[in-house]
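Trainee: Quick one: this structure, given as structure tokens, is what I'll be asking you about.
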Amino acid sequence: MFMNVFSRFYLLFVGARVWRDLDNQLPEPHGVMEDDTPRLNKFKSLVAKLSKRERRGLLKWLELQLWYVNNATPDLQTAREEELERKWRQIYDTHLEIVKSLA
């Protein structure tokens, strides 16, 4: 039981580290598919070079971030907060789809 929980946390830790490392090598995200095409193309080539463990960790981390954006936001938000939420939902979702396609 403990090892199972530990391995899940470890995968999330690995995924967060991989995301941070990749994000530092990529152009700034815009949250609009057409504007993020160069970023997504470079992201795909970088993810293809990752180990299986790093790719799985990134997959789990992105799934968790997407869950947070979809479920852990307050009901009452300003227009700016809703805009930011949509932006990050788009960013995480498009990157997650790329990782899934390479998994």
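Within each chain, counting starts at residue 1; across the structure tokens, chains are named A, B, ... in the order shown, with ligands numbered 1 upward in that order.
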Write down as a PDB file with N, CA and C atoms, in the first residue's frame the residues of chain A whose backbone DSSP state falls under helix (DSSP H, G or I).

Mentor:
ATOM      1  N   PHE A   2       1.813   1.329   0.959  1.00  0.00           N
ATOM      2  CA  PHE A   2       2.667   2.509   1.043  1.00  0.00           C
ATOM      3  C   PHE A   2       3.461   2.706  -0.236  1.00  0.00           C
ATOM      4  N   MET A   3       4.010   1.635  -0.786  1.00  0.00           N
ATOM      5  CA  MET A   3       4.816   1.748  -1.998  1.00  0.00           C
ATOM      6  C   MET A   3       3.961   2.216  -3.177  1.00  0.00           C
ATOM      7  N   ASN A   4       2.717   1.776  -3.216  1.00  0.00           N
ATOM      8  CA  ASN A   4       1.829   2.195  -4.287  1.00  0.00           C
ATOM      9  C   ASN A   4       1.571   3.703  -4.224  1.00  0.00           C
ATOM     10  N   VAL A   5       1.290   4.213  -3.029  1.00  0.00           N
ATOM     11  CA  VAL A   5       1.061   5.651  -2.845  1.00  0.00           C
ATOM     12  C   VAL A   5       2.348   6.417  -3.128  1.00  0.00           C
ATOM     13  N   PHE A   6       3.464   5.904  -2.623  1.00  0.00           N
ATOM     14  CA  PHE A   6       4.750   6.543  -2.851  1.00  0.00           C
ATOM     15  C   PHE A   6       5.065   6.608  -4.342  1.00  0.00           C
ATOM     16  N   SER A   7       4.814   5.524  -5.064  1.00  0.00           N
ATOM     17  CA  SER A   7       5.133   5.515  -6.497  1.00  0.00           C
ATOM     18  C   SER A   7       4.263   6.512  -7.267  1.00  0.00           C
ATOM     19  N   ARG A   8       3.023   6.711  -6.825  1.00  0.00           N
ATOM     20  CA  ARG A   8       2.159   7.713  -7.470  1.00  0.00           C
ATOM     21  C   ARG A   8       2.706   9.120  -7.252  1.00  0.00           C
ATOM     22  N   PHE A   9       3.089   9.413  -6.013  1.00  0.00           N
ATOM     23  CA  PHE A   9       3.661  10.727  -5.716  1.00  0.00           C
ATOM     24  C   PHE A   9       4.981  10.928  -6.450  1.00  0.00           C
ATOM     25  N   TYR A  10       5.763   9.866  -6.531  1.00  0.00           N
ATOM     26  CA  TYR A  10       7.040   9.957  -7.228  1.00  0.00           C
ATOM     27  C   TYR A  10       6.809  10.238  -8.716  1.00  0.00           C
ATOM     28  N   LEU A  11       5.819   9.581  -9.315  1.00  0.00           N
ATOM     29  CA  LEU A  11       5.499   9.842 -10.724  1.00  0.00           C
ATOM     30  C   LEU A  11       5.092  11.296 -10.928  1.00  0.00           C
ATOM     31  N   LEU A  12       4.293  11.837 -10.011  1.00  0.00           N
ATOM     32  CA  LEU A  12       3.887  13.244 -10.115  1.00  0.00           C
ATOM     33  C   LEU A  12       5.082  14.173  -9.954  1.00  0.00           C
ATOM     34  N   PHE A  13       5.985  13.820  -9.060  1.00  0.00           N
ATOM     35  CA  PHE A  13       7.209  14.603  -8.869  1.00  0.00           C
ATOM     36  C   PHE A  13       8.040  14.596 -10.149  1.00  0.00           C
ATOM     37  N   VAL A  14       8.205  13.419 -10.739  1.00  0.00           N
ATOM     38  CA  VAL A  14       8.957  13.297 -11.995  1.00  0.00           C
ATOM     39  C   VAL A  14       8.263  14.108 -13.084  1.00  0.00           C
ATOM     40  N   GLY A  15       6.937  14.000 -13.173  1.00  0.00           N
ATOM     41  CA  GLY A  15       6.188  14.729 -14.182  1.00  0.00           C
ATOM     42  C   GLY A  15       6.318  16.232 -14.048  1.00  0.00           C
ATOM     43  N   ALA A  16       6.273  16.735 -12.813  1.00  0.00           N
ATOM     44  CA  ALA A  16       6.425  18.176 -12.582  1.00  0.00           C
ATOM     45  C   ALA A  16       7.821  18.640 -12.993  1.00  0.00           C
ATOM     46  N   ARG A  17       8.828  17.847 -12.682  1.00  0.00           N
ATOM     47  CA  ARG A  17      10.203  18.202 -13.052  1.00  0.00           C
ATOM     48  C   ARG A  17      10.371  18.199 -14.569  1.00  0.00           C
ATOM     49  N   VAL A  18       9.817  17.193 -15.221  1.00  0.00           N
ATOM     50  CA  VAL A  18       9.914  17.106 -16.686  1.00  0.00           C
ATOM     51  C   VAL A  18       9.190  18.290 -17.322  1.00  0.00           C
ATOM     52  N   TRP A  19       7.983  18.611 -16.837  1.00  0.00           N
ATOM     53  CA  TRP A  19       7.237  19.754 -17.374  1.00  0.00           C
ATOM     54  C   TRP A  19       8.049  21.040 -17.252  1.00  0.00           C
ATOM     55  N   ARG A  20       8.614  21.266 -16.085  1.00  0.00           N
ATOM     56  CA  ARG A  20       9.402  22.474 -15.849  1.00  0.00           C
ATOM     57  C   ARG A  20      10.610  22.532 -16.789  1.00  0.00           C
ATOM     58  N   ASP A  21      11.298  21.403 -16.930  1.00  0.00           N
ATOM     59  CA  ASP A  21      12.468  21.361 -17.817  1.00  0.00           C
ATOM     60  C   ASP A  21      12.081  21.606 -19.277  1.00  0.00           C
ATOM     61  N   LEU A  22      10.989  20.980 -19.714  1.00  0.00           N
ATOM     62  CA  LEU A  22      10.543  21.167 -21.101  1.00  0.00           C
ATOM     63  C   LEU A  22      10.036  22.588 -21.321  1.00  0.00           C
ATOM     64  N   ASP A  23       9.275  23.094 -20.362  1.00  0.00           N
ATOM     65  CA  ASP A  23       8.695  24.428 -20.492  1.00  0.00           C
ATOM     66  C   ASP A  23       9.779  25.491 -20.637  1.00  0.00           C
ATOM     67  N   ASN A  24      10.914  25.283 -19.995  1.00  0.00           N
ATOM     68  CA  ASN A  24      12.024  26.233 -20.112  1.00  0.00           C
ATOM     69  C   ASN A  24      12.645  26.239 -21.511  1.00  0.00           C
ATOM     70  N   GLN A  25      12.455  25.169 -22.262  1.00  0.00           N
ATOM     71  CA  GLN A  25      13.020  25.069 -23.609  1.00  0.00           C
ATOM     72  C   GLN A  25      12.035  25.484 -24.706  1.00  0.00           C
ATOM     73  N   THR A  37       1.181  26.431 -32.130  1.00  0.00           N
ATOM     74  CA  THR A  37       1.666  25.377 -33.023  1.00  0.00           C
ATOM     75  C   THR A  37       3.180  25.189 -32.963  1.00  0.00           C
ATOM     76  N   PRO A  38       3.997  26.245 -33.013  1.00  0.00           N
ATOM     77  CA  PRO A  38       5.447  26.023 -32.900  1.00  0.00           C
ATOM     78  C   PRO A  38       5.829  25.380 -31.561  1.00  0.00           C
ATOM     79  N   ARG A  39       5.180  25.813 -30.492  1.00  0.00           N
ATOM     80  CA  ARG A  39       5.451  25.238 -29.176  1.00  0.00           C
ATOM     81  C   ARG A  39       5.081  23.756 -29.150  1.00  0.00           C
ATOM     82  N   LEU A  40       3.914  23.428 -29.680  1.00  0.00           N
ATOM     83  CA  LEU A  40       3.450  22.040 -29.655  1.00  0.00           C
ATOM     84  C   LEU A  40       4.335  21.139 -30.509  1.00  0.00           C
ATOM     85  N   ASN A  41       4.794  21.632 -31.650  1.00  0.00           N
ATOM     86  CA  ASN A  41       5.685  20.833 -32.494  1.00  0.00           C
ATOM     87  C   ASN A  41       7.005  20.543 -31.789  1.00  0.00           C
ATOM     88  N   LYS A  42       7.559  21.553 -31.148  1.00  0.00           N
ATOM     89  CA  LYS A  42       8.811  21.359 -30.421  1.00  0.00           C
ATOM     90  C   LYS A  42       8.582  20.463 -29.209  1.00  0.00           C
ATOM     91  N   PHE A  43       7.452  20.642 -28.523  1.00  0.00           N
ATOM     92  CA  PHE A  43       7.110  19.804 -27.376  1.00  0.00           C
ATOM     93  C   PHE A  43       7.044  18.337 -27.794  1.00  0.00           C
ATOM     94  N   LYS A  44       6.418  18.071 -28.921  1.00  0.00           N
ATOM     95  CA  LYS A  44       6.296  16.695 -29.405  1.00  0.00           C
ATOM     96  C   LYS A  44       7.668  16.079 -29.657  1.00  0.00           C
ATOM     97  N   SER A  45       8.565  16.826 -30.261  1.00  0.00           N
ATOM     98  CA  SER A  45       9.896  16.281 -30.529  1.00  0.00           C
ATOM     99  C   SER A  45      10.679  16.054 -29.236  1.00  0.00           C
ATOM    100  N   LEU A  46      10.491  16.919 -28.239  1.00  0.00           N
ATOM    101  CA  LEU A  46      11.183  16.737 -26.964  1.00  0.00           C
ATOM    102  C   LEU A  46      10.608  15.564 -26.170  1.00  0.00           C
ATOM    103  N   VAL A  47       9.290  15.402 -26.193  1.00  0.00           N
ATOM    104  CA  VAL A  47       8.652  14.301 -25.462  1.00  0.00           C
ATOM    105  C   VAL A  47       9.058  12.959 -26.067  1.00  0.00           C
ATOM    106  N   ALA A  48       9.246  12.916 -27.371  1.00  0.00           N
ATOM    107  CA  ALA A  48       9.647  11.675 -28.031  1.00  0.00           C
ATOM    108  C   ALA A  48      11.006  11.189 -27.532  1.00  0.00           C
ATOM    109  N   LYS A  52      10.517   6.209 -20.813  1.00  0.00           N
ATOM    110  CA  LYS A  52       9.145   5.765 -20.561  1.00  0.00           C
ATOM    111  C   LYS A  52       8.648   6.272 -19.202  1.00  0.00           C
ATOM    112  N   ARG A  53       9.497   6.235 -18.179  1.00  0.00           N
ATOM    113  CA  ARG A  53       9.131   6.707 -16.837  1.00  0.00           C
ATOM    114  C   ARG A  53       8.849   8.204 -16.846  1.00  0.00           C
ATOM    115  N   GLU A  54       9.684   8.975 -17.534  1.00  0.00           N
ATOM    116  CA  GLU A  54       9.476  10.423 -17.604  1.00  0.00           C
ATOM    117  C   GLU A  54       8.186  10.752 -18.355  1.00  0.00           C
ATOM    118  N   ARG A  55       7.935  10.019 -19.415  1.00  0.00           N
ATOM    119  CA  ARG A  55       6.713  10.248 -20.193  1.00  0.00           C
ATOM    120  C   ARG A  55       5.473   9.905 -19.372  1.00  0.00           C
ATOM    121  N   ARG A  56       5.544   8.803 -18.629  1.00  0.00           N
ATOM    122  CA  ARG A  56       4.404   8.409 -17.782  1.00  0.00           C
ATOM    123  C   ARG A  56       4.190   9.435 -16.664  1.00  0.00           C
ATOM    124  N   GLY A  57       5.271   9.913 -16.072  1.00  0.00           N
ATOM    125  CA  GLY A  57       5.147  10.930 -15.037  1.00  0.00           C
ATOM    126  C   GLY A  57       4.538  12.212 -15.577  1.00  0.00           C
ATOM    127  N   LEU A  58       4.979  12.617 -16.759  1.00  0.00           N
ATOM    128  CA  LEU A  58       4.431  13.814 -17.395  1.00  0.00           C
ATOM    129  C   LEU A  58       2.950  13.637 -17.698  1.00  0.00           C
ATOM    130  N   LEU A  59       2.576  12.462 -18.162  1.00  0.00           N
ATOM    131  CA  LEU A  59       1.179  12.157 -18.453  1.00  0.00           C
ATOM    132  C   LEU A  59       0.333  12.303 -17.190  1.00  0.00           C
ATOM    133  N   LYS A  60       0.773  11.702 -16.093  1.00  0.00           N
ATOM    134  CA  LYS A  60       0.013  11.764 -14.833  1.00  0.00           C
ATOM    135  C   LYS A  60      -0.043  13.187 -14.292  1.00  0.00           C
ATOM    136  N   TRP A  61       1.053  13.929 -14.416  1.00  0.00           N
ATOM    137  CA  TRP A  61       1.081  15.304 -13.923  1.00  0.00           C
ATOM    138  C   TRP A  61       0.133  16.187 -14.733  1.00  0.00           C
ATOM    139  N   LEU A  62       0.135  16.031 -16.040  1.00  0.00           N
ATOM    140  CA  LEU A  62      -0.765  16.817 -16.884  1.00  0.00           C
ATOM    141  C   LEU A  62      -2.222  16.459 -16.615  1.00  0.00           C
ATOM    142  N   GLU A  63      -2.507  15.178 -16.404  1.00  0.00           N
ATOM    143  CA  GLU A  63      -3.872  14.771 -16.068  1.00  0.00           C
ATOM    144  C   GLU A  63      -4.317  15.430 -14.765  1.00  0.00           C
ATOM    145  N   LEU A  64      -3.429  15.478 -13.774  1.00  0.00           N
ATOM    146  CA  LEU A  64      -3.764  16.106 -12.505  1.00  0.00           C
ATOM    147  C   LEU A  64      -3.981  17.607 -12.671  1.00  0.00           C
ATOM    148  N   GLN A  65      -3.139  18.271 -13.437  1.00  0.00           N
ATOM    149  CA  GLN A  65      -3.302  19.711 -13.657  1.00  0.00           C
ATOM    150  C   GLN A  65      -4.622  20.002 -14.365  1.00  0.00           C
ATOM    151  N   LEU A  66      -4.965  19.179 -15.337  1.00  0.00           N
ATOM    152  CA  LEU A  66      -6.228  19.359 -16.057  1.00  0.00           C
ATOM    153  C   LEU A  66      -7.414  19.126 -15.115  1.00  0.00           C
ATOM    154  N   TRP A  67      -7.287  18.146 -14.228  1.00  0.00           N
ATOM    155  CA  TRP A  67      -8.346  17.901 -13.253  1.00  0.00           C
ATOM    156  C   TRP A  67      -8.524  19.122 -12.357  1.00  0.00           C
ATOM    157  N   TYR A  68      -7.402  19.691 -11.890  1.00  0.00           N
ATOM    158  CA  TYR A  68      -7.481  20.897 -11.048  1.00  0.00           C
ATOM    159  C   TYR A  68      -8.166  22.043 -11.776  1.00  0.00           C
ATOM    160  N   VAL A  69      -7.809  22.266 -13.016  1.00  0.00           N
ATOM    161  CA  VAL A  69      -8.407  23.367 -13.776  1.00  0.00           C
ATOM    162  C   VAL A  69      -9.908  23.136 -13.955  1.00  0.00           C
ATOM    163  N   ASN A  70     -10.307  21.887 -14.172  1.00  0.00           N
ATOM    164  CA  ASN A  70     -11.720  21.591 -14.413  1.00  0.00           C
ATOM    165  C   ASN A  70     -12.557  21.509 -13.145  1.00  0.00           C
ATOM    166  N   ASN A  71     -11.952  21.112 -12.029  1.00  0.00           N
ATOM    167  CA  ASN A  71     -12.748  20.809 -10.841  1.00  0.00           C
ATOM    168  C   ASN A  71     -12.430  21.621  -9.597  1.00  0.00           C
ATOM    169  N   ALA A  79     -14.164  37.682 -14.873  1.00  0.00           N
ATOM    170  CA  ALA A  79     -13.946  37.368 -16.284  1.00  0.00           C
ATOM    171  C   ALA A  79     -12.475  37.048 -16.541  1.00  0.00           C
ATOM    172  N   ARG A  80     -11.593  37.755 -15.881  1.00  0.00           N
ATOM    173  CA  ARG A  80     -10.143  37.514 -16.041  1.00  0.00           C
ATOM    174  C   ARG A  80      -9.764  36.125 -15.533  1.00  0.00           C
ATOM    175  N   GLU A  81     -10.339  35.715 -14.415  1.00  0.00           N
ATOM    176  CA  GLU A  81     -10.061  34.384 -13.872  1.00  0.00           C
ATOM    177  C   GLU A  81     -10.585  33.292 -14.805  1.00  0.00           C
ATOM    178  N   GLU A  82     -11.771  33.503 -15.376  1.00  0.00           N
ATOM    179  CA  GLU A  82     -12.321  32.535 -16.324  1.00  0.00           C
ATOM    180  C   GLU A  82     -11.452  32.445 -17.579  1.00  0.00           C
ATOM    181  N   GLU A  83     -10.957  33.568 -18.033  1.00  0.00           N
ATOM    182  CA  GLU A  83     -10.083  33.606 -19.204  1.00  0.00           C
ATOM    183  C   GLU A  83      -8.782  32.828 -18.929  1.00  0.00           C
ATOM    184  N   LEU A  84      -8.207  33.049 -17.764  1.00  0.00           N
ATOM    185  CA  LEU A  84      -6.989  32.317 -17.382  1.00  0.00           C
ATOM    186  C   LEU A  84      -7.249  30.824 -17.270  1.00  0.00           C
ATOM    187  N   GLU A  85      -8.391  30.460 -16.729  1.00  0.00           N
ATOM    188  CA  GLU A  85      -8.763  29.049 -16.602  1.00  0.00           C
ATOM    189  C   GLU A  85      -8.881  28.400 -17.978  1.00  0.00           C
ATOM    190  N   ARG A  86      -9.545  29.073 -18.903  1.00  0.00           N
ATOM    191  CA  ARG A  86      -9.679  28.543 -20.268  1.00  0.00           C
ATOM    192  C   ARG A  86      -8.318  28.403 -20.942  1.00  0.00           C
ATOM    193  N   LYS A  87      -7.463  29.398 -20.736  1.00  0.00           N
ATOM    194  CA  LYS A  87      -6.127  29.368 -21.327  1.00  0.00           C
ATOM    195  C   LYS A  87      -5.362  28.136 -20.859  1.00  0.00           C
ATOM    196  N   TRP A  88      -5.317  27.905 -19.543  1.00  0.00           N
ATOM    197  CA  TRP A  88      -4.549  26.783 -19.014  1.00  0.00           C
ATOM    198  C   TRP A  88      -5.209  25.446 -19.313  1.00  0.00           C
ATOM    199  N   ARG A  89      -6.534  25.416 -19.405  1.00  0.00           N
ATOM    200  CA  ARG A  89      -7.212  24.180 -19.816  1.00  0.00           C
ATOM    201  C   ARG A  89      -6.772  23.808 -21.230  1.00  0.00           C
ATOM    202  N   GLN A  90      -6.725  24.787 -22.115  1.00  0.00           N
ATOM    203  CA  GLN A  90      -6.295  24.556 -23.491  1.00  0.00           C
ATOM    204  C   GLN A  90      -4.828  24.104 -23.540  1.00  0.00           C
ATOM    205  N   ILE A  91      -3.976  24.766 -22.775  1.00  0.00           N
ATOM    206  CA  ILE A  91      -2.546  24.423 -22.769  1.00  0.00           C
ATOM    207  C   ILE A  91      -2.342  23.003 -22.261  1.00  0.00           C
ATOM    208  N   TYR A  92      -2.909  22.689 -21.112  1.00  0.00           N
ATOM    209  CA  TYR A  92      -2.722  21.347 -20.548  1.00  0.00           C
ATOM    210  C   TYR A  92      -3.343  20.274 -21.438  1.00  0.00           C
ATOM    211  N   ASP A  93      -4.525  20.561 -21.977  1.00  0.00           N
ATOM    212  CA  ASP A  93      -5.211  19.571 -22.807  1.00  0.00           C
ATOM    213  C   ASP A  93      -4.422  19.259 -24.078  1.00  0.00           C
ATOM    214  N   THR A  94      -3.930  20.273 -24.769  1.00  0.00           N
ATOM    215  CA  THR A  94      -3.192  20.015 -26.007  1.00  0.00           C
ATOM    216  C   THR A  94      -1.881  19.286 -25.739  1.00  0.00           C
ATOM    217  N   HIS A  95      -1.203  19.652 -24.665  1.00  0.00           N
ATOM    218  CA  HIS A  95       0.048  18.974 -24.328  1.00  0.00           C
ATOM    219  C   HIS A  95      -0.212  17.531 -23.883  1.00  0.00           C
ATOM    220  N   LEU A  96      -1.303  17.321 -23.157  1.00  0.00           N
ATOM    221  CA  LEU A  96      -1.665  15.976 -22.720  1.00  0.00           C
ATOM    222  C   LEU A  96      -1.960  15.080 -23.922  1.00  0.00           C
ATOM    223  N   GLU A  97      -2.660  15.594 -24.904  1.00  0.00           N
ATOM    224  CA  GLU A  97      -2.970  14.803 -26.093  1.00  0.00           C
ATOM    225  C   GLU A  97      -1.692  14.372 -26.816  1.00  0.00           C
ATOM    226  N   ILE A  98      -0.709  15.231 -26.855  1.00  0.00           N
ATOM    227  CA  ILE A  98       0.570  14.884 -27.487  1.00  0.00           C
ATOM    228  C   ILE A  98       1.252  13.768 -26.706  1.00  0.00           C
ATOM    229  N   VAL A  99       1.279  13.885 -25.391  1.00  0.00           N
ATOM    230  CA  VAL A  99       1.924  12.842 -24.565  1.00  0.00           C
ATOM    231  C   VAL A  99       1.194  11.514 -24.733  1.00  0.00           C
ATOM    232  N   LYS A 100      -0.145  11.555 -24.751  1.00  0.00           N
ATOM    233  CA  LYS A 100      -0.922  10.332 -24.950  1.00  0.00           C
ATOM    234  C   LYS A 100      -0.635   9.690 -26.297  1.00  0.00           C
ATOM    235  N   SER A 101      -0.470  10.506 -27.314  1.00  0.00           N
ATOM    236  CA  SER A 101      -0.216   9.963 -28.656  1.00  0.00           C
ATOM    237  C   SER A 101       1.146   9.294 -28.754  1.00  0.00           C
ATOM    238  N   LEU A 102       2.069   9.686 -27.879  1.00  0.00           N
ATOM    239  CA  LEU A 102       3.415   9.102 -27.908  1.00  0.00           C
ATOM    240  C   LEU A 102       3.608   7.999 -26.863  1.00  0.00           C
TER     241      LEU A 102
END
